[in-house]
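Below is one structure, written out as structure tokens; comments come after it.
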Amino acid sequence: MQNPSRKGRSRARPPRRNATRRWCIPPAILREPEEMLEASQILDEVPGDMGLLLWQTLRDVTLWSSVPTERHAGLFDADAPEQRMQLLLGAGAEPAVEISLTALTSMVGNPVDARPEMVSLVCLQISRWAEARGALATALAYAQAGALAHPEDPGPAFAVGTLAMRWRRHTRAETWLRRSIGLARRAGQWETYAEAYVEMGALYVRRADHGMAHRYYVQALRAARRHGLMPIRGAALHGMLLLAMASGALEDAERYARGAMRAYGRGHPRLGELVHDAAYLLVMRESYTRAIPMLNRLLPSRVEPVERAQTLSILARAAAGAGDRRLYQEAWSDAWSLVIRRAGEEGRHLRTLLELARASAALGDWIHLDMAARQALQAATRQGEHAIATQVQELAASLRRPIHLPPPETRMR
């Protein structure tokens, strides 16, 4: 007979621990430790009246964002809009940014009716204008102003995170990307949510923490699968491909490459980059004859000097592996000319120099091996890139050809 005391017990499962949990939105870093004056880098990047106008307008937006809505009336002096317009007319602003600055001047004249989403949008327009001109500090400052103007929108927070990464402010980038993830999760904006996880993976790759990077890529992949976001699924698999190649897990890398190809599809802006990485994977797997035509097809589109030099160096390595001396010599010479075109910029070509050294080692071309390895070791030491320096030294040691740096006073500057 069943125990009456147990008969009436509910068999319903307890609610999941996170079912009613509020998604926490972490705070973000607003300025760098050395930044004594808010967004003062704008004045360095944009000289003259234009820089002053951009800096003053940014401070207007951050002040407006920091004050409760009920206190917006009378926030700015009555003559402030006229002063801003006079400065704008005299600054010689480009038409694209002049329209945006005029809109923010209108906010100064009527702060009560200014809408947060519109102020944020205009700030992001100015951020994109600055980014296109290489003024990354200005771009970051305006993206952050847009995020502060509309603090519940994950899009501006994501923009701040990606710009901070480009500016190599990694700690600041992480705080904004985490904030973007929290906001997107709360708002159900799954595209931004998944994209932010991809960027977090890339951030931890830069920190050489491949374990954490893989975890974030997996999070991005899960979100992309769940919500049908094929391009982001491709980006996550692309990141996992690079991690697998770095760790020597070449079978996994090939699987990730195939998946990323399917997810990107034709016309994706990163497809060429993925094909380049897939060709390098073939070189790593010693499938040189398969890699050579892929690299030759990519070369016409690789016009940026650093990217073109990398492709040429990998082509030289593939040609060396295939025993094609003529192609090896052509590719090696073309890559080397790009590396030494500007003295002192060898640090931008570290991967190219390493691949050139590997190519020369494959053919026993000791003269060119010494040239590439010595230059790579010198540049890596100067840049503090210890991983590259170690790989060069390991290559030289495996060939019993130690590379010695010249005395500091004779090194190329």
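Chain identifiers are assigned as A, B, and so on, following the order in which chains appear in the structure tokens; residues are numbered from 1 within each chain, and ligands are numbered from 1 in order of appearance.
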Closest atom pairs, stretch 183-292 of chain A residues within 12 Å of stretch 170-174 of chain A, only C-alpha atoms, as JSON lines:
{"residue": "A:Ala196", "atom": "CA", "partner": "A:Glu174", "partner_atom": "CA", "distance": 9.7}
{"residue": "A:Tyr197", "atom": "CA", "partner": "A:Glu174", "partner_atom": "CA", "distance": 10.4}
{"residue": "A:Val198", "atom": "CA", "partner": "A:Glu174", "partner_atom": "CA", "distance": 11.9}
{"residue": "A:Glu199", "atom": "CA", "partner": "A:Glu174", "partner_atom": "CA", "distance": 9.0}
{"residue": "A:Met200", "atom": "CA", "partner": "A:Glu174", "partner_atom": "CA", "distance": 7.0}
{"residue": "A:Gly201", "atom": "CA", "partner": "A:Glu174", "partner_atom": "CA", "distance": 10.4}
{"residue": "A:Ala202", "atom": "CA", "partner": "A:His170", "partner_atom": "CA", "distance": 10.6}
{"residue": "A:Leu203", "atom": "CA", "partner": "A:His170", "partner_atom": "CA", "distance": 7.1}
{"residue": "A:Tyr204", "atom": "CA", "partner": "A:His170", "partner_atom": "CA", "distance": 9.2}
{"residue": "A:Val205", "atom": "CA", "partner": "A:His170", "partner_atom": "CA", "distance": 11.2}
{"residue": "A:Arg206", "atom": "CA", "partner": "A:His170", "partner_atom": "CA", "distance": 8.8}
{"residue": "A:Arg207", "atom": "CA", "partner": "A:His170", "partner_atom": "CA", "distance": 8.7}
Exercise. Just how far from atom CA of A:Leu89 is atom CA of A:Gly48, in Å to one decimal?
Worked result: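 Straight-line distance from atom CA of A:Gly48 to atom CA of A:Leu89 works out to 13.3 Å.
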For this session: Tell me, as a ChimeraX atom specification, which residues lie within 7 Å of stretch 232-234 of chain A, counting only C-alpha atoms; anything in the same chain fewer than 2 positions away does not count.
Result: /A:194-195,221,224-225,229-230,236-238,260,263-264
Produce a file of the selected residues containing C-alpha atoms, as a PDB file, in the first residue's frame.
ATOM      1  CA  ALA A 194      26.163  36.449 -31.348  1.00  0.00           C
ATOM      2  CA  GLU A 195      28.429  39.026 -33.003  1.00  0.00           C
ATOM      3  CA  LEU A 221      28.159  29.337 -32.926  1.00  0.00           C
ATOM      4  CA  ALA A 224      23.948  31.629 -34.586  1.00  0.00           C
ATOM      5  CA  ARG A 225      22.564  28.114 -35.069  1.00  0.00           C
ATOM      6  CA  LEU A 229      22.375  33.646 -38.372  1.00  0.00           C
ATOM      7  CA  MET A 230      24.464  32.012 -41.099  1.00  0.00           C
ATOM      8  CA  ALA A 236      32.591  31.705 -35.464  1.00  0.00           C
ATOM      9  CA  LEU A 237      33.751  28.694 -37.483  1.00  0.00           C
ATOM     10  CA  HIS A 238      36.404  30.858 -39.150  1.00  0.00           C
ATOM     11  CA  ALA A 260      32.682  28.270 -42.664  1.00  0.00           C
ATOM     12  CA  ALA A 263      27.966  29.408 -43.903  1.00  0.00           C
ATOM     13  CA  TYR A 264      29.578  32.398 -45.641  1.00  0.00           C
TER      14      TYR A 264
END
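The spacing separating atom CA of A:Leu338 from atom CA of A:Ala279 amounts to 21.0 Å.
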Exercise. Please, which residues of stretch 363-401 of chain A, numbered as in this document, come out helix (DSSP H, G or I) from DSSP, as a PyMOL selection string?
Worked result: chain A and resi 363+366-383+386-398
Just the selected residues (C-alpha atoms), exported as a short mmCIF file (atom, residue, chain, number, x, y, z; two decimals), in the first residue's frame, please.
data_model
loop_
_atom_site.label_atom_id
_atom_site.label_comp_id
_atom_site.auth_asym_id
_atom_site.auth_seq_id
_atom_site.Cartn_x
_atom_site.Cartn_y
_atom_site.Cartn_z
CA LEU A 363 64.60 24.34 -50.49
CA TRP A 366 70.55 29.25 -46.92
CA ILE A 367 71.32 32.80 -48.10
CA HIS A 368 67.65 33.80 -48.24
CA LEU A 369 66.92 31.86 -45.06
CA ASP A 370 69.51 33.91 -43.19
CA MET A 371 68.13 37.17 -44.65
CA ALA A 372 64.52 36.45 -43.66
CA ALA A 373 65.27 34.86 -40.28
CA ARG A 374 67.64 37.62 -39.21
CA GLN A 375 65.16 40.33 -40.19
CA ALA A 376 62.29 38.47 -38.49
CA LEU A 377 64.20 37.94 -35.26
CA GLN A 378 65.36 41.55 -35.18
CA ALA A 379 61.87 42.96 -35.80
CA ALA A 380 60.20 40.54 -33.39
CA THR A 381 62.67 41.45 -30.64
CA ARG A 382 62.07 45.14 -31.22
CA GLN A 383 58.27 44.70 -31.20
CA HIS A 386 58.24 36.76 -28.37
CA ALA A 387 56.15 34.02 -30.01
CA ILE A 388 57.46 34.92 -33.48
CA ALA A 389 61.03 35.22 -32.18
CA THR A 390 60.75 31.76 -30.60
CA GLN A 391 59.46 30.21 -33.84
CA VAL A 392 62.33 31.73 -35.82
CA GLN A 393 64.88 30.43 -33.33
CA GLU A 394 63.28 26.97 -33.32
CA LEU A 395 63.40 26.87 -37.12
CA ALA A 396 67.07 27.86 -37.12
CA ALA A 397 67.88 25.34 -34.39
CA SER A 398 66.16 22.52 -36.30
#
For this session: Measure the distance from atom CA of A:Ala361 to atom CA of A:Leu399 in Å and round it to one decimal.
Result: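 Atom-to-atom, atom CA of A:Ala361 and atom CA of A:Leu399 are spaced 7.9 Å apart.
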Exercise. Which of these residues is nearest to A:Met107, using only C-alpha atoms: A:Leu243, A:Ala93, A:Val61, A:Met261?
Worked result: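 Ranking A:Leu243, A:Ala93, A:Val61, A:Met261 by distance to A:Met107, first place goes to A:Val61.
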